[in-house]
Structure formats: structure tokens, C-alpha cells
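Undergrad: Would you mind keeping the following structure in view while I ask a few things?
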Amino acid sequence: MAIHTQESLSGFIASEPLLTETAKGDARFFARIGKEHFRREDNGSFTQTETTYHHLVMFGRSAEHAHANFAQGDNFVAEGYTRPVNYERNGQAIEGEEFVAKKIGHDAARTRYEVDRTPRNGVGRDAAVYDPTQRAATAAHAPVSM
């Protein structure tokens with residue numbers, strides 16, 4: 001079985017996140033994000049270089065959840081893809097790119113948080129109760145193929 005992968009992006013939320021609607025009425029999350037860059041030195045240390053800034057968007061229910069859970073300054077890790085964008089600002093045509101996040105979470109290496117494992121009930125369905133011991137036992141006996 002092949003593992004299907006997507007692009008990932010880590011960084012920090014640089015602007016106040018916005019929740020708007022698309023022309024079709026779907027939720028749209030938007031934030032400017034910062035990406036710190038580092039250069040490895042000959043002695044093994046790292047020197048921080050220029051931080052770059054980019055656009056991150058999400059759509060639908062994921063956008064609503066992101067807006068409820070992320071604030072300016074939060075560190076994140078996201079999965080999705082990069083796409084080109086063209087728009088007009090102050091009468092000038094702008095070409096660029098944005099990262100479309102399908103999933104986003106706080107960066108565990110840079111964020112203190114607590115995990116709430118109580119089940120979430122979805123619309124029209126009951127969520128299964130999470131049992132970490134059952135998951136670990138199942139994973140330990142699962143066959144692995146490469």
C-alpha cells in the first residue's frame with residue numbers, strides 16, 4: 001500500500017486571523033503567516049536568517065475550527081498544498097501563491113497545551129470513544145509492509 005503525502009508547512013500566525021465567506025457562502029479562514037529560516041554553520045550551530053511572510057487559507061468547517069482555535073502569534077503545523085493566486089490591489093495586478101491548509105494544528109514543539117480526549121459528536125453520528133490503550137495494542141500487532 002502506497003503512502004499518499006501532501007505538502008506541509010510550519011510557522012506562526014503573523015496577522016489577526018479572519019473568517020469570511022466565499023462567493024458560494026462557504027467559510028474561508030485567512031491569515032498572514034511567518035516562516036522563520038535558519039542557516040547551518042560549519043561549527044554545527046544555526047543562524048536565523050530573514051523571516052518570510054505568506055498567505056494561508058482554509059475552507060469549510062476546518063476554516064471555522066481554525067478561526068476558533070488560532071490567534072496571532074500561535075505556532076502551527078499544517079498539511080495542504082500551495083497554489084498560485086492572481087488578484088488586484090490598488091489598481092495593480094499581483095501574482096503570488098498561497099498555502100491552502102486542509103489540516104492545521106498547534107506546533108507541539110513550541111506550544112504548551114492540554115489535550116481534551118472527550119468524544120466529539122458529529123452532526124448525525126455518534127463519535128467513538130477514544131481509548132489510547134486499545135489504539136496502542138492494535139498498532140503493536142498490526143502488520144507492517146514496505
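As shown in the C-alpha cells, the chain order sets the letters A, B, ...; within each chain, residues go from 1, and ligands are also counted from 1 in the order they appear.
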Mind dumping a table of every region 4-33 of chain A residue within 6 Å of region 39-59 of chain A, with the nearest atom pair and its distance in Å to one decimal, using only C-alpha atoms, sorted by chain and rising number, as JSON lines?

TA:
{"residue": "A:Ala27", "atom": "CA", "partner": "A:Phe59", "partner_atom": "CA", "distance": 5.5}
{"residue": "A:Arg28", "atom": "CA", "partner": "A:Phe59", "partner_atom": "CA", "distance": 4.6}
{"residue": "A:Phe29", "atom": "CA", "partner": "A:Met58", "partner_atom": "CA", "distance": 5.0}
{"residue": "A:Phe30", "atom": "CA", "partner": "A:Val57", "partner_atom": "CA", "distance": 4.6}
{"residue": "A:Ala31", "atom": "CA", "partner": "A:Leu56", "partner_atom": "CA", "distance": 5.4}
{"residue": "A:Arg32", "atom": "CA", "partner": "A:His55", "partner_atom": "CA", "distance": 4.8}
{"residue": "A:Ile33", "atom": "CA", "partner": "A:His54", "partner_atom": "CA", "distance": 5.4}

Undergrad: Emit the selected residues as a PDB file, in the first residue's frame, including N, CA, C and O atoms.

TA:
ATOM      1  N   ALA A  27     -17.328  29.011   4.494  1.00  0.00           N
ATOM      2  CA  ALA A  27     -16.406  29.700   5.400  1.00  0.00           C
ATOM      3  C   ALA A  27     -15.006  29.708   4.803  1.00  0.00           C
ATOM      4  O   ALA A  27     -14.562  28.733   4.186  1.00  0.00           O
ATOM      5  N   ARG A  28     -14.298  30.833   4.977  1.00  0.00           N
ATOM      6  CA  ARG A  28     -12.921  30.979   4.494  1.00  0.00           C
ATOM      7  C   ARG A  28     -12.086  31.601   5.604  1.00  0.00           C
ATOM      8  O   ARG A  28     -12.363  32.696   6.066  1.00  0.00           O
ATOM      9  N   PHE A  29     -11.051  30.879   6.046  1.00  0.00           N
ATOM     10  CA  PHE A  29     -10.084  31.354   7.039  1.00  0.00           C
ATOM     11  C   PHE A  29      -8.911  31.937   6.275  1.00  0.00           C
ATOM     12  O   PHE A  29      -8.424  31.339   5.314  1.00  0.00           O
ATOM     13  N   PHE A  30      -8.431  33.103   6.697  1.00  0.00           N
ATOM     14  CA  PHE A  30      -7.262  33.721   6.082  1.00  0.00           C
ATOM     15  C   PHE A  30      -6.354  34.266   7.168  1.00  0.00           C
ATOM     16  O   PHE A  30      -6.816  34.872   8.130  1.00  0.00           O
ATOM     17  N   ALA A  31      -5.055  34.068   6.985  1.00  0.00           N
ATOM     18  CA  ALA A  31      -4.065  34.673   7.883  1.00  0.00           C
ATOM     19  C   ALA A  31      -2.764  34.860   7.118  1.00  0.00           C
ATOM     20  O   ALA A  31      -2.419  34.051   6.247  1.00  0.00           O
ATOM     21  N   ARG A  32      -2.058  35.925   7.448  1.00  0.00           N
ATOM     22  CA  ARG A  32      -0.669  36.067   7.015  1.00  0.00           C
ATOM     23  C   ARG A  32       0.134  35.229   7.986  1.00  0.00           C
ATOM     24  O   ARG A  32      -0.094  35.273   9.198  1.00  0.00           O
ATOM     25  N   ILE A  33       1.065  34.456   7.457  1.00  0.00           N
ATOM     26  CA  ILE A  33       1.885  33.607   8.326  1.00  0.00           C
ATOM     27  C   ILE A  33       3.349  33.947   8.111  1.00  0.00           C
ATOM     28  O   ILE A  33       3.747  34.402   7.039  1.00  0.00           O
TER      29      ILE A  33
END

Undergrad: Using only C-alpha atoms, determine which residues lie at most 9 Å from Ala66 (chain A), disregarding the query and same-chain residues fewer than 3 positions distant; provide the list as a PDB file with C-alpha atoms, in the first residue's frame.

TA:
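Writing done, so here's result.pdb:
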ATOM      1  CA  PRO A  17      -6.937  35.588  11.555  1.00  0.00           C
ATOM      2  CA  PHE A  29     -10.084  31.354   7.039  1.00  0.00           C
ATOM      3  CA  MET A  58      -8.648  27.177   4.775  1.00  0.00           C
ATOM      4  CA  ARG A  61     -15.729  23.573   8.684  1.00  0.00           C
ATOM      5  CA  SER A  62     -11.943  23.368   9.003  1.00  0.00           C
ATOM      6  CA  ALA A  63     -11.821  27.140   8.497  1.00  0.00           C
ATOM      7  CA  ASN A  69      -8.618  27.941  17.890  1.00  0.00           C
ATOM      8  CA  PHE A  70      -5.837  30.108  16.433  1.00  0.00           C
ATOM      9  CA  LYS A 103      -5.468  20.368   8.332  1.00  0.00           C
ATOM     10  CA  ILE A 104      -3.789  22.565  10.913  1.00  0.00           C
ATOM     11  CA  GLY A 105      -2.657  22.106  14.493  1.00  0.00           C
TER      12      GLY A 105
END

Undergrad: Residues near Ala78 (chain A), anyone? I mean within 9 Å using only C-alpha atoms, not counting same-chain ones fewer than 5 positions away, as a list in words.

TA: Glu7, Ser8, Leu9, Ser10, Gly11, Ala101, Lys102, Lys103, Ile104, Gly105 and His106 of chain A

Undergrad: Any chance you can output those residues with N, CA, C and O atoms as an mmCIF file, in the first residue's frame?

TA:
data_model
loop_
_atom_site.group_PDB
_atom_site.id
_atom_site.type_symbol
_atom_site.label_atom_id
_atom_site.label_comp_id
_atom_site.auth_asym_id
_atom_site.auth_seq_id
_atom_site.Cartn_x
_atom_site.Cartn_y
_atom_site.Cartn_z
ATOM 1 N N GLU A 7 1.977 18.392 0.973
ATOM 2 C CA GLU A 7 2.951 19.357 1.450
ATOM 3 C C GLU A 7 2.638 19.687 2.901
ATOM 4 O O GLU A 7 1.491 19.598 3.334
ATOM 5 N N SER A 8 3.663 20.079 3.637
ATOM 6 C CA SER A 8 3.450 20.563 4.998
ATOM 7 C C SER A 8 4.133 21.912 5.145
ATOM 8 O O SER A 8 5.042 22.245 4.393
ATOM 9 N N LEU A 9 3.672 22.666 6.116
ATOM 10 C CA LEU A 9 4.211 23.994 6.369
ATOM 11 C C LEU A 9 4.138 24.252 7.868
ATOM 12 O O LEU A 9 3.111 23.977 8.495
ATOM 13 N N SER A 10 5.223 24.745 8.426
ATOM 14 C CA SER A 10 5.199 25.161 9.833
ATOM 15 C C SER A 10 5.573 26.631 9.882
ATOM 16 O O SER A 10 6.292 27.124 9.015
ATOM 17 N N GLY A 11 5.059 27.317 10.883
ATOM 18 C CA GLY A 11 5.344 28.741 11.016
ATOM 19 C C GLY A 11 4.555 29.322 12.169
ATOM 20 O O GLY A 11 4.187 28.619 13.098
ATOM 21 N N ALA A 101 -4.452 25.132 3.475
ATOM 22 C CA ALA A 101 -4.330 24.118 4.526
ATOM 23 C C ALA A 101 -5.597 23.279 4.577
ATOM 24 O O ALA A 101 -6.704 23.816 4.608
ATOM 25 N N LYS A 102 -5.432 21.973 4.553
ATOM 26 C CA LYS A 102 -6.559 21.062 4.749
ATOM 27 C C LYS A 102 -6.679 20.714 6.230
ATOM 28 O O LYS A 102 -7.765 20.470 6.728
ATOM 29 N N LYS A 103 -5.527 20.662 6.897
ATOM 30 C CA LYS A 103 -5.468 20.368 8.332
ATOM 31 C C LYS A 103 -4.468 21.316 8.962
ATOM 32 O O LYS A 103 -3.464 21.659 8.341
ATOM 33 N N ILE A 104 -4.710 21.687 10.209
ATOM 34 C CA ILE A 104 -3.789 22.565 10.913
ATOM 35 C C ILE A 104 -3.851 22.243 12.401
ATOM 36 O O ILE A 104 -4.905 21.887 12.918
ATOM 37 N N GLY A 105 -2.716 22.322 13.049
ATOM 38 C CA GLY A 105 -2.657 22.106 14.493
ATOM 39 C C GLY A 105 -1.554 22.949 15.093
ATOM 40 O O GLY A 105 -0.673 23.448 14.390
ATOM 41 N N HIS A 106 -1.608 23.105 16.401
ATOM 42 C CA HIS A 106 -0.557 23.847 17.087
ATOM 43 C C HIS A 106 0.730 23.023 17.071
ATOM 44 O O HIS A 106 0.693 21.796 17.152
#

Undergrad: Using backbone DSSP assignments, extract all helix (DSSP H, G or I) residues from region 3-144 of chain A; output them as a PyMOL selection string.

TA: chain A and resi 60-69+132-141

Undergrad: Thr82 (chain A): which residues within 9 Å, counting only C-alpha atoms, same-chain residues fewer than 2 positions away excluded, as a list in words?

TA: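 Within the cut-off, the hits are Glu7, Gly80, Pro84, Glu97, Glu98, Phe99, Val100 and Ala101 of chain A.
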